[in-house]
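Before any comments, here is the structure.
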Amino acid sequence: MSKPMHHTPMLDQLESGPWPSFITGIKRLAKDEGKPYQDMMIDLLGQLEHSYETRKGYWKGGTVGVIGYGGGVIPRFSEVASKFPASKEFHTLRIQPPAGMHYTTQIIRQLCDIWEKYGSGLIAFHGQSGDIMFQGTTSENVQAAFDAMNEIGFDLGGAGPAVRTGMSCVGSARCEHSCANEQKIHRLMVNNFLDDMHRPALPYKFKFKVSGCPNDCMNAIERADMAIIGTWRDDIKVNQAEVQAYVGKKGRKYVIDNVISRCPTHALSLNDDSTLTVDNRNCVRCMHCINVMTKALDVGDDKGVTILMGGKRTLKIGDLMGTVVIPFMKLETQEDYDRLKEIAESTINFFAENALEHERTGEMIERIGLVNFLEAIGLEVDPNMVSEPRQSSYVRMDGWDEEAAKWFARKAEEKTAKAA
Amino acid sequence: MSAPRMPIESGVPDPFQYMHPIMARNFGTWKHHERPRPGVLCHTSKNGEKIWTVRAGTQRQMDVYTIRKLCDIADQYGEGYVRFTIRSNIEFLVGDQSKVDPLIQKLQAEGFPVGGTGPSVTMISHTQGWLHCDIPGTDASGVVKALMDELYEEFINERMPNRVHITTSCCQINCGGQGDIAINIQHTKPPKINHDLVANVCERPTVVARCPVAAIRPALVNGKPSLEVDEKKCMCCGACYPPCPPMQINDPVHSKLAIWVGGNHSNARGKPTFHKLVAAGIPNNPPRWTEVAAIVKQILRVYKADAKDWERLSDWVGRIGWPRFFELTELPFTKFHIDNWRGARRSLNASTHIRF
């Protein structure tokens, strides 16, 4: 017979209402007679109710891990273990999901069985880090839980000052907007830095996120140190019959108000016969018209990626967006992918050696200036990297002539390459 | 004694082994999609094959019984393949259209809302909170459950101008991320320092370096090495608390909630945007956070009534202007809304562009 349930009047109120209740789920585990986690979940509910009453959290970190790795487990020890002893240890395993978060029910059931045996029975699909969060186990069971998951093909994700778990959208697996092989890029990037993930030794975290098109469903620009985003550089594909069908269905006014006039660079024009003209030279690949008219418009064929670096959340100099460091690169051949790997490697090497402790890539770039960063990782400046050129005249201009000559030489080289 | 088992450093698993065969077969060849009803997507590939997706909301933190129930539904009513979205919605994938309606009915009967597609309020992406985090000011899971109960009808319908992404964060680090509407903890008082513990628990130079406004300095308090905070400089961000838990920033009364709007990750129409402060000083009031819910619902009500089709919240405010936003939502505009942090001048109006 298990210990009695704590009185949880506040949590009980989260069991009502139409949305699925996490409290009901935790209670189910707390009432699961004879299961190894039952007492832990009873006390977990007690501690959570205590937090609701006092409006304070009661977990502290510590050092818990698995053999061979320095990170990936989030240790949690209770500060109120005297009141709630069975949940005194409640560690989380961050496990990397398959790229794109695809699962068979069979593999999910296997993961559930492992967590029922070694953990709390509570799993979050997924945490903000992009991991499956196996929430709640004892120090003693961490290794066994990890070993069992590792044996069926799963590995710990990142935590602390390390390369972190990446994210990629569903992309080519189900989305017509996809301009890249998202899962391949995601796996290539993260799996190339497993040492930096599993043995945290960077100044701070480093995140890769991959979105297949500029809709950026993975929030890569806002959240990733290195955002890789699919795009294209030839023309938007227009199926004029479908455009006419759409105009026929929705009316000219709707299409003008919701598609034509919403184009940020005024690159669209609706013709008198309800076909569409696109000024592709001035299209910025924002996706709006394609999102609205998914049957009529499509991304182009000359696909590749734009790379932005330096996105991060608030700590410590405020939120930063990633900014463009590669306006466009193809990702087709092995050499293309090798080049992408090299860019990531030189970035992380430079970050490792030059960032201050607890400084993200974006903060480092802000501190040293984008130009110094570009020179360090071997990238040329490009006007696509700025919204506008500088406004301040307070700058040393030594070497202007050489820099201008470099630009003309590069342009000539590009012209020759294009002609060849 | 045998040698310890060393990890297999396998990294990110290959998704193809778990992917619905129609998706694997048509990888990279999708042509267009339709939304036959809220919560359902139908994608057609260039090869003529179709796949239906039925999207349902979950509580994110799930017990194994809930997860197995979802698996049972996928096996009996679907085809055994699922995926999750970035916002913890589960997607059931089927190649057979006739399975869609029974699948929806079963999900609804088992209490899983079907929706979250197109111009709906989809599931709130959130941080962990009191259940597991070591520095939380609130319980994001609870806030989310309470809010999604209130926004349920907007999840199962597609009647917003455009999609609405809400996020919550339990501290100002904002792990929940940017959102059309973001509900985040905002501390309003400097940390309370337990000077007996600082020397033993905290690496003091690290803590001094962590402060964004250089308000922390080493000090000797009651003969013990500790830290002190210049309370006039301190802007109560809580950055010192993770590396130094004796600098308690969370306060049952003074840790408030703030609401921010207009964050948008997409490049569609305008460039991506960060969310902006609109409301603060909201009590952190478990278990149902009714004060937060009231403001969120008010903002959504006005947005829904006033925005045009395809306008995200940021697009809408861009068109009508911030003064009108505050007028329509009846939220107070205060001195705290005017930025004084890095690059603040860029947020000031340097023109005579004023709406009357």
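Chain lettering (A, B, ...) mirrors the order of the structure tokens, residue numbering begins at 1 for each chain separately, and ligand numbering begins at 1 in order of display.
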
What's around A:Ser16 at 10 Å? Count only C-alpha atoms, leave out sequence neighbours fewer than 5 positions away in its own chain, and write the answer as a compact mmCIF listing (two decimals) with C-alpha atoms, in the first residue's frame.
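Result file is part14.txt:
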# COMPACT_ATOMS: atom_id res chain seq x y z
CA LEU A 11 -3.86 21.57 -8.54
CA SER A 21 -4.80 18.22 -18.02
CA ILE A 23 -2.33 17.25 -13.47
CA THR A 24 -4.74 14.42 -14.26
CA LYS B 145 -3.65 24.71 -19.09
CA ALA B 146 -5.71 27.56 -17.64
CA ASP B 149 -9.22 26.03 -21.38

(request) Identify which of the residues B:Cys170, B:Arg355, B:Arg301, B:Ser314 lies closest to B:Asp134, counting only C-alpha atoms when measuring atom-to-atom distances. (result) B:Cys170

Can you pull out the residues contacting stretch 252-259 of chain A? Cut-off 8 Å, using only C-alpha atoms, and skip same-chain residues under 3 positions away; I want them as a short mmCIF file (atom, residue, chain, number, x, y, z; two decimals) with N, CA and C atoms, in the first residue's frame.
data_model
loop_
_atom_site.label_atom_id
_atom_site.label_comp_id
_atom_site.auth_asym_id
_atom_site.auth_seq_id
_atom_site.Cartn_x
_atom_site.Cartn_y
_atom_site.Cartn_z
N VAL A 247 -8.71 33.70 -58.37
CA VAL A 247 -9.36 35.01 -58.51
C VAL A 247 -10.85 34.81 -58.76
N GLY A 248 -11.17 33.80 -59.56
CA GLY A 248 -12.58 33.50 -59.83
C GLY A 248 -13.33 33.17 -58.55
N ARG A 262 -0.17 43.24 -50.37
CA ARG A 262 0.58 42.83 -49.18
C ARG A 262 2.04 42.49 -49.51
N CYS A 263 2.36 42.49 -50.78
CA CYS A 263 3.74 42.17 -51.17
C CYS A 263 4.67 43.28 -50.66
N LEU A 270 -1.67 42.23 -60.69
CA LEU A 270 -2.76 41.39 -61.21
C LEU A 270 -3.20 41.96 -62.55
N SER A 274 -6.79 38.55 -65.10
CA SER A 274 -6.66 37.81 -63.83
C SER A 274 -5.51 36.81 -63.80
N HIS A 288 4.66 35.31 -48.57
CA HIS A 288 3.25 35.61 -48.33
C HIS A 288 2.33 35.13 -49.45
N CYS A 289 2.64 35.53 -50.70
CA CYS A 289 1.72 35.17 -51.79
C CYS A 289 1.66 33.67 -51.99
N VAL A 292 -0.61 32.16 -49.38
CA VAL A 292 -2.04 32.38 -49.61
C VAL A 292 -2.54 31.52 -50.79
N ASP B 309 -7.71 39.90 -42.91
CA ASP B 309 -7.23 38.55 -43.20
C ASP B 309 -5.72 38.60 -43.42
N TRP B 310 -5.03 37.61 -42.95
CA TRP B 310 -3.59 37.40 -43.13
C TRP B 310 -2.73 38.35 -42.32
#

(message) When you look at B:Ile90 with a cut-off of 12 Å (counting only C-alpha atoms), what residues show up, excluding the ones that are within fewer than 3 positions of it in the same chain? I need them as JSON, numbers by chain.
(response) {"A": [101, 102, 103, 105, 124, 125, 126], "B": [39, 40, 53, 54, 55, 56, 57, 58, 59, 60, 62, 67, 70, 71, 73, 74, 81, 82, 83, 84, 85, 86, 87, 93, 107, 112, 113, 114, 115, 116, 117, 122, 123]}

(request) List every residue of stretch 29-162 of chain A that DSSP, applied to the backbone of this structure, places in strand (DSSP E), and write the result as a ChimeraX atom specification. (result) /A:59-60,73-74,77-78,92-95,102-104,122-125,132-135

(request) List the neighbours of B:Leu257 out to 8 Å using only C-alpha atoms; skip same-chain residues closer than 6 positions along the sequence, and give me the result as JSON, numbers by chain. (result) {"B": [183, 184, 185, 186, 280, 281, 282, 283, 284, 292]}

(message) I want to know what sits within 8 Å of B:Arg210, based on only C-alpha atoms, with residues of the same chain fewer than 3 positions away left out; could you give that as an MDAnalysis selection string?
(response) (chainID A and resid 316 358) or (chainID B and resid 206:207 239:240)

Output the selection as an mmCIF file, in the first residue's frame - N, CA, C and O atoms for each residue.
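Written output follows (out.cif):
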data_model
loop_
_atom_site.group_PDB
_atom_site.id
_atom_site.type_symbol
_atom_site.label_atom_id
_atom_site.label_comp_id
_atom_site.auth_asym_id
_atom_site.auth_seq_id
_atom_site.Cartn_x
_atom_site.Cartn_y
_atom_site.Cartn_z
ATOM 1 N N LYS A 316 22.251 38.192 -22.123
ATOM 2 C CA LYS A 316 22.139 39.189 -21.120
ATOM 3 C C LYS A 316 22.038 40.594 -21.710
ATOM 4 O O LYS A 316 21.790 41.539 -20.983
ATOM 5 N N HIS A 358 29.932 32.660 -20.849
ATOM 6 C CA HIS A 358 28.493 32.926 -20.829
ATOM 7 C C HIS A 358 28.059 33.948 -21.881
ATOM 8 O O HIS A 358 27.059 34.632 -21.731
ATOM 9 N N THR B 206 31.948 35.368 -11.227
ATOM 10 C CA THR B 206 31.006 34.973 -12.284
ATOM 11 C C THR B 206 29.690 35.717 -12.119
ATOM 12 O O THR B 206 29.092 36.184 -13.086
ATOM 13 N N VAL B 207 29.248 35.833 -10.872
ATOM 14 C CA VAL B 207 27.973 36.494 -10.608
ATOM 15 C C VAL B 207 28.080 37.994 -10.918
ATOM 16 O O VAL B 207 27.204 38.577 -11.545
ATOM 17 N N ALA B 239 19.156 37.792 -13.681
ATOM 18 C CA ALA B 239 20.284 37.079 -14.316
ATOM 19 C C ALA B 239 21.269 36.548 -13.285
ATOM 20 O O ALA B 239 21.987 35.581 -13.551
ATOM 21 N N CYS B 240 21.333 37.152 -12.101
ATOM 22 C CA CYS B 240 22.270 36.699 -11.067
ATOM 23 C C CYS B 240 21.778 35.460 -10.349
ATOM 24 O O CYS B 240 22.541 34.757 -9.688
#

(request) Grab the atom CA of A:His177 to atom CA of B:Ala24 distance for me, in Å with one decimal place. (result)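 Between these atoms lies a distance of 16.4 Å.
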
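Coordinates place atom CA of A:Met309 at a distance of 4.5 Å from atom CA of A:Gly322.
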